[in-house]
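S.K.: Take this structure, written in structure tokens, and hold onto it; I'll ask about it next.
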Amino acid sequence: MSQVAIYPGSFDPPTRGHEDLIRRSLHFVDRLIVGVAASSPKSSWFSVDERIELLTTIVADEDRVAVERFDGLLADFARTTGANLVVRGLRAVSDFEYEFQMALMNRKLHSGLETVFLVPALHLTFLSSSLVREVASLRGDVSDLVHPAVQKALEQKLR
Ligand code: PNS
């Protein structure tokens, strides 16, 4: 049986940290669906279509990765896609409580849905999309933190 996992998130914008987790996931899943949440309560810089386009560019060399939007519950998206695993990143202890609650809620909503947590590469543990947005908006250098396509998109957004 092939192992299909979802890596869900806001990806506003995708960072090198997200990319790191996508590639790490491929060591133990057969197929990974990067799920861009369209129903996130957070206000976003990039539209869902823009985020999908950026992620698709980033993973263009990985034929086992698909990038898709999902509109409602992650649990329902998992049912629709046949995925039984959710991949999430843990960067610090402060991430844990929210992630723990989310994993339990998702399993309540879909009893077969398990969550695995991955730790990113050490040099990316401080990274978040909100920090990238802040640094970029104050004209800081984000070239090490995001894919060149994302850097270009940030520059265009701030022009
Ligand atoms: O990158 P983020 O913002 O930390 O990702 C959070 C996300 C999108 C994975 C989470 O908010 C989510 O799954 N949203 C979809 C709606 C849903 O299922 N909510 C209940 C989660 S327990």
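Numbering starts fresh at 1 for the residues of each chain in the structure tokens, the chains themselves are lettered A, B, ... in the order given, and ligands are numbered from 1 as they appear.
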Which neighbours of stretch 34-51 of chain A fall inside 6 Å, counting only C-alpha atoms, when residues of the same chain fewer than 6 positions from it are skipped, and could you give them as a VMD selection string?
M.R.: chain A and resid 6 to 10 67 to 71
S.K.: Would you mind exporting N, CA, C and O atoms of the selected residues as a PDB file, in the first residue's frame?
M.R.:
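Saved result, part-v7.pdb, follows:
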```pdb
ATOM      1  N   ILE A   6      -0.242  14.400   3.633  1.00  0.00           N
ATOM      2  CA  ILE A   6      -0.513  15.814   3.331  1.00  0.00           C
ATOM      3  C   ILE A   6       0.411  16.665   4.193  1.00  0.00           C
ATOM      4  O   ILE A   6       0.557  16.407   5.397  1.00  0.00           O
ATOM      5  N   TYR A   7       1.006  17.647   3.576  1.00  0.00           N
ATOM      6  CA  TYR A   7       1.749  18.653   4.333  1.00  0.00           C
ATOM      7  C   TYR A   7       0.940  19.950   4.211  1.00  0.00           C
ATOM      8  O   TYR A   7       1.008  20.642   3.198  1.00  0.00           O
ATOM      9  N   PRO A   8       0.106  20.254   5.224  1.00  0.00           N
ATOM     10  CA  PRO A   8      -0.786  21.405   5.104  1.00  0.00           C
ATOM     11  C   PRO A   8      -0.160  22.676   5.684  1.00  0.00           C
ATOM     12  O   PRO A   8       0.710  22.610   6.556  1.00  0.00           O
ATOM     13  N   GLY A   9      -0.632  23.807   5.216  1.00  0.00           N
ATOM     14  CA  GLY A   9      -0.147  25.057   5.802  1.00  0.00           C
ATOM     15  C   GLY A   9      -0.696  26.259   5.077  1.00  0.00           C
ATOM     16  O   GLY A   9      -1.472  26.136   4.125  1.00  0.00           O
ATOM     17  N   SER A  10      -0.267  27.419   5.564  1.00  0.00           N
ATOM     18  CA  SER A  10      -0.668  28.678   4.931  1.00  0.00           C
ATOM     19  C   SER A  10       0.334  29.049   3.830  1.00  0.00           C
ATOM     20  O   SER A  10      -0.047  29.614   2.806  1.00  0.00           O
ATOM     21  N   VAL A  67       0.838  19.915  -5.460  1.00  0.00           N
ATOM     22  CA  VAL A  67       0.429  21.089  -4.670  1.00  0.00           C
ATOM     23  C   VAL A  67      -1.044  21.344  -4.954  1.00  0.00           C
ATOM     24  O   VAL A  67      -1.438  21.474  -6.110  1.00  0.00           O
ATOM     25  N   GLU A  68      -1.858  21.379  -3.891  1.00  0.00           N
ATOM     26  CA  GLU A  68      -3.306  21.557  -4.086  1.00  0.00           C
ATOM     27  C   GLU A  68      -3.857  22.514  -3.049  1.00  0.00           C
ATOM     28  O   GLU A  68      -3.342  22.586  -1.936  1.00  0.00           O
ATOM     29  N   ARG A  69      -4.920  23.209  -3.394  1.00  0.00           N
ATOM     30  CA  ARG A  69      -5.610  24.023  -2.399  1.00  0.00           C
ATOM     31  C   ARG A  69      -6.650  23.151  -1.694  1.00  0.00           C
ATOM     32  O   ARG A  69      -7.112  22.150  -2.247  1.00  0.00           O
ATOM     33  N   PHE A  70      -6.983  23.504  -0.452  1.00  0.00           N
ATOM     34  CA  PHE A  70      -8.155  22.884   0.159  1.00  0.00           C
ATOM     35  C   PHE A  70      -8.935  23.966   0.880  1.00  0.00           C
ATOM     36  O   PHE A  70      -8.364  24.913   1.424  1.00  0.00           O
ATOM     37  N   ASP A  71     -10.257  23.822   0.846  1.00  0.00           N
ATOM     38  CA  ASP A  71     -11.105  24.918   1.299  1.00  0.00           C
ATOM     39  C   ASP A  71     -11.703  24.743   2.688  1.00  0.00           C
ATOM     40  O   ASP A  71     -11.912  25.703   3.395  1.00  0.00           O
TER      41      ASP A  71
END
```
S.K.: Run DSSP on the backbone and give me the residues of chain A it puts in strand (DSSP E), as a count of residues only.
M.R.: 29
S.K.: Name all residues at most 9 Å from A:Leu158 (count only C-alpha atoms; drop same-chain ones fewer than 4 positions away) and give them as a PyMOL selection string.
M.R.: chain A and resi 136-137+153-154
S.K.: For atom CA of A:Val142 and atom CA of A:Thr15, determine how far apart the two atoms are, in Å to one decimal place.
M.R.: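 Here the two named atoms are 9.7 Å from each other.
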S.K.: Can you list, as a ChimeraX atom specification, every protein, DNA or RNA residue that comes within 12 Å of A:Glu99 when you count only C-alpha atoms, leaving out same-chain residues fewer than 5 positions away?
M.R.: /A:8-9,86-94,104-106,115-118
S.K.: Give the helix (DSSP H, G or I) residues of stretch 61-116 of chain A, as DSSP finds them on the backbone, and put them as a PDB file with N, CA and C atoms, in the first residue's frame.
M.R.:
```pdb
ATOM      1  N   LEU A  74      -9.109  20.185   7.131  1.00  0.00           N
ATOM      2  CA  LEU A  74      -8.006  19.325   6.704  1.00  0.00           C
ATOM      3  C   LEU A  74      -8.440  17.852   6.743  1.00  0.00           C
ATOM      4  N   ALA A  75      -9.244  17.503   7.756  1.00  0.00           N
ATOM      5  CA  ALA A  75      -9.694  16.110   7.894  1.00  0.00           C
ATOM      6  C   ALA A  75     -10.498  15.679   6.658  1.00  0.00           C
ATOM      7  N   ASP A  76     -11.326  16.592   6.136  1.00  0.00           N
ATOM      8  CA  ASP A  76     -12.131  16.268   4.947  1.00  0.00           C
ATOM      9  C   ASP A  76     -11.243  16.177   3.703  1.00  0.00           C
ATOM     10  N   PHE A  77     -10.249  17.058   3.647  1.00  0.00           N
ATOM     11  CA  PHE A  77      -9.308  17.023   2.510  1.00  0.00           C
ATOM     12  C   PHE A  77      -8.553  15.683   2.518  1.00  0.00           C
ATOM     13  N   ALA A  78      -8.201  15.224   3.700  1.00  0.00           N
ATOM     14  CA  ALA A  78      -7.497  13.933   3.804  1.00  0.00           C
ATOM     15  C   ALA A  78      -8.394  12.810   3.304  1.00  0.00           C
ATOM     16  N   ARG A  79      -9.658  12.844   3.694  1.00  0.00           N
ATOM     17  CA  ARG A  79     -10.607  11.817   3.230  1.00  0.00           C
ATOM     18  C   ARG A  79     -10.707  11.825   1.703  1.00  0.00           C
ATOM     19  N   THR A  80     -10.851  13.028   1.144  1.00  0.00           N
ATOM     20  CA  THR A  80     -11.018  13.149  -0.311  1.00  0.00           C
ATOM     21  C   THR A  80      -9.800  12.634  -1.068  1.00  0.00           C
ATOM     22  N   THR A  81      -8.626  12.922  -0.529  1.00  0.00           N
ATOM     23  CA  THR A  81      -7.394  12.563  -1.251  1.00  0.00           C
ATOM     24  C   THR A  81      -6.928  11.150  -0.927  1.00  0.00           C
ATOM     25  N   VAL A  93       9.647  24.520  21.204  1.00  0.00           N
ATOM     26  CA  VAL A  93       8.650  24.043  22.174  1.00  0.00           C
ATOM     27  C   VAL A  93       7.366  24.863  22.048  1.00  0.00           C
ATOM     28  N   SER A  94       7.518  26.137  21.691  1.00  0.00           N
ATOM     29  CA  SER A  94       6.342  27.013  21.591  1.00  0.00           C
ATOM     30  C   SER A  94       5.361  26.546  20.502  1.00  0.00           C
ATOM     31  N   ASP A  95       5.840  25.807  19.531  1.00  0.00           N
ATOM     32  CA  ASP A  95       4.935  25.270  18.493  1.00  0.00           C
ATOM     33  C   ASP A  95       4.085  24.131  19.036  1.00  0.00           C
ATOM     34  N   PHE A  96       4.553  23.503  20.102  1.00  0.00           N
ATOM     35  CA  PHE A  96       4.040  22.186  20.465  1.00  0.00           C
ATOM     36  C   PHE A  96       2.558  22.169  20.833  1.00  0.00           C
ATOM     37  N   GLU A  97       2.133  23.118  21.671  1.00  0.00           N
ATOM     38  CA  GLU A  97       0.770  23.050  22.198  1.00  0.00           C
ATOM     39  C   GLU A  97      -0.276  23.124  21.074  1.00  0.00           C
ATOM     40  N   TYR A  98      -0.085  24.077  20.188  1.00  0.00           N
ATOM     41  CA  TYR A  98      -1.004  24.242  19.053  1.00  0.00           C
ATOM     42  C   TYR A  98      -0.984  22.990  18.166  1.00  0.00           C
ATOM     43  N   GLU A  99       0.201  22.490  17.907  1.00  0.00           N
ATOM     44  CA  GLU A  99       0.328  21.328  17.023  1.00  0.00           C
ATOM     45  C   GLU A  99      -0.311  20.085  17.653  1.00  0.00           C
ATOM     46  N   PHE A 100      -0.130  19.954  18.953  1.00  0.00           N
ATOM     47  CA  PHE A 100      -0.680  18.819  19.697  1.00  0.00           C
ATOM     48  C   PHE A 100      -2.212  18.849  19.622  1.00  0.00           C
ATOM     49  N   GLN A 101      -2.778  20.035  19.864  1.00  0.00           N
ATOM     50  CA  GLN A 101      -4.242  20.189  19.803  1.00  0.00           C
ATOM     51  C   GLN A 101      -4.753  19.886  18.398  1.00  0.00           C
ATOM     52  N   MET A 102      -4.039  20.397  17.410  1.00  0.00           N
ATOM     53  CA  MET A 102      -4.486  20.211  16.036  1.00  0.00           C
ATOM     54  C   MET A 102      -4.439  18.726  15.645  1.00  0.00           C
ATOM     55  N   ALA A 103      -3.378  18.054  16.047  1.00  0.00           N
ATOM     56  CA  ALA A 103      -3.246  16.625  15.722  1.00  0.00           C
ATOM     57  C   ALA A 103      -4.393  15.830  16.347  1.00  0.00           C
ATOM     58  N   LEU A 104      -4.723  16.151  17.590  1.00  0.00           N
ATOM     59  CA  LEU A 104      -5.799  15.421  18.270  1.00  0.00           C
ATOM     60  C   LEU A 104      -7.167  15.735  17.653  1.00  0.00           C
ATOM     61  N   MET A 105      -7.372  17.015  17.323  1.00  0.00           N
ATOM     62  CA  MET A 105      -8.654  17.392  16.703  1.00  0.00           C
ATOM     63  C   MET A 105      -8.802  16.730  15.336  1.00  0.00           C
ATOM     64  N   ASN A 106      -7.732  16.717  14.582  1.00  0.00           N
ATOM     65  CA  ASN A 106      -7.814  16.079  13.255  1.00  0.00           C
ATOM     66  C   ASN A 106      -8.118  14.591  13.378  1.00  0.00           C
ATOM     67  N   ARG A 107      -7.568  13.961  14.410  1.00  0.00           N
ATOM     68  CA  ARG A 107      -7.836  12.522  14.578  1.00  0.00           C
ATOM     69  C   ARG A 107      -9.248  12.282  15.096  1.00  0.00           C
ATOM     70  N   LYS A 108      -9.788  13.262  15.823  1.00  0.00           N
ATOM     71  CA  LYS A 108     -11.189  13.138  16.261  1.00  0.00           C
ATOM     72  C   LYS A 108     -12.117  13.245  15.042  1.00  0.00           C
ATOM     73  N   LEU A 109     -11.760  14.157  14.133  1.00  0.00           N
ATOM     74  CA  LEU A 109     -12.602  14.380  12.950  1.00  0.00           C
ATOM     75  C   LEU A 109     -12.456  13.265  11.909  1.00  0.00           C
TER      76      LEU A 109
END
```
S.K.: Point out the residue among A:Asp30, A:Leu127, A:Arg159, A:Ala149 with the least atom-to-atom distance to A:Ala60, counting only C-alpha atoms.
M.R.: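 Under the stated criterion, the closest residue is A:Ala149.
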S.K.: Quick one: of A:Gly140, A:Gly112, A:Gly72, A:Pro148, who's nearest to ligand 1, counting only C-alpha atoms and all ligand atoms?
M.R.: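 That would be A:Gly72, the residue with the smallest distance to ligand 1.
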S.K.: Which residue, A:Ser111, A:Leu26, A:His147, A:His18, has the smallest gap to ligand 1 when you use only C-alpha atoms and all ligand atoms?
M.R.: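 Among A:Ser111, A:Leu26, A:His147, A:His18, it is A:His18 that comes nearest to ligand 1.
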S.K.: Using Å and a single decimal, report how far atom CA of A:Arg16 sits from atom 6 (C, counted along the ligand's line) of ligand 1.
M.R.: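 Distance reported for this atom pair: 17.1 Å.
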S.K.: With distances taken over only C-alpha atoms and all ligand atoms, which of A:Ser129, A:Gln156, A:Thr56, A:Ser143 is nearest to ligand 1?
M.R.: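 With only C-alpha atoms and all ligand atoms as the atom set, the closest residue is A:Ser129.
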S.K.: How many Å separate atom CA of A:Leu122 from atom CA of A:Leu21?
M.R.: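 Computing the Euclidean distance for atom CA of A:Leu122 and atom CA of A:Leu21 yields 11.9 Å.
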S.K.: When you count only C-alpha atoms and all ligand atoms, which of these residues is closest to ligand 1: A:Arg139, A:His123, A:Arg133, A:His110?
M.R.: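 Once distances to ligand 1 are computed over only C-alpha atoms and all ligand atoms, the minimum belongs to A:His110.
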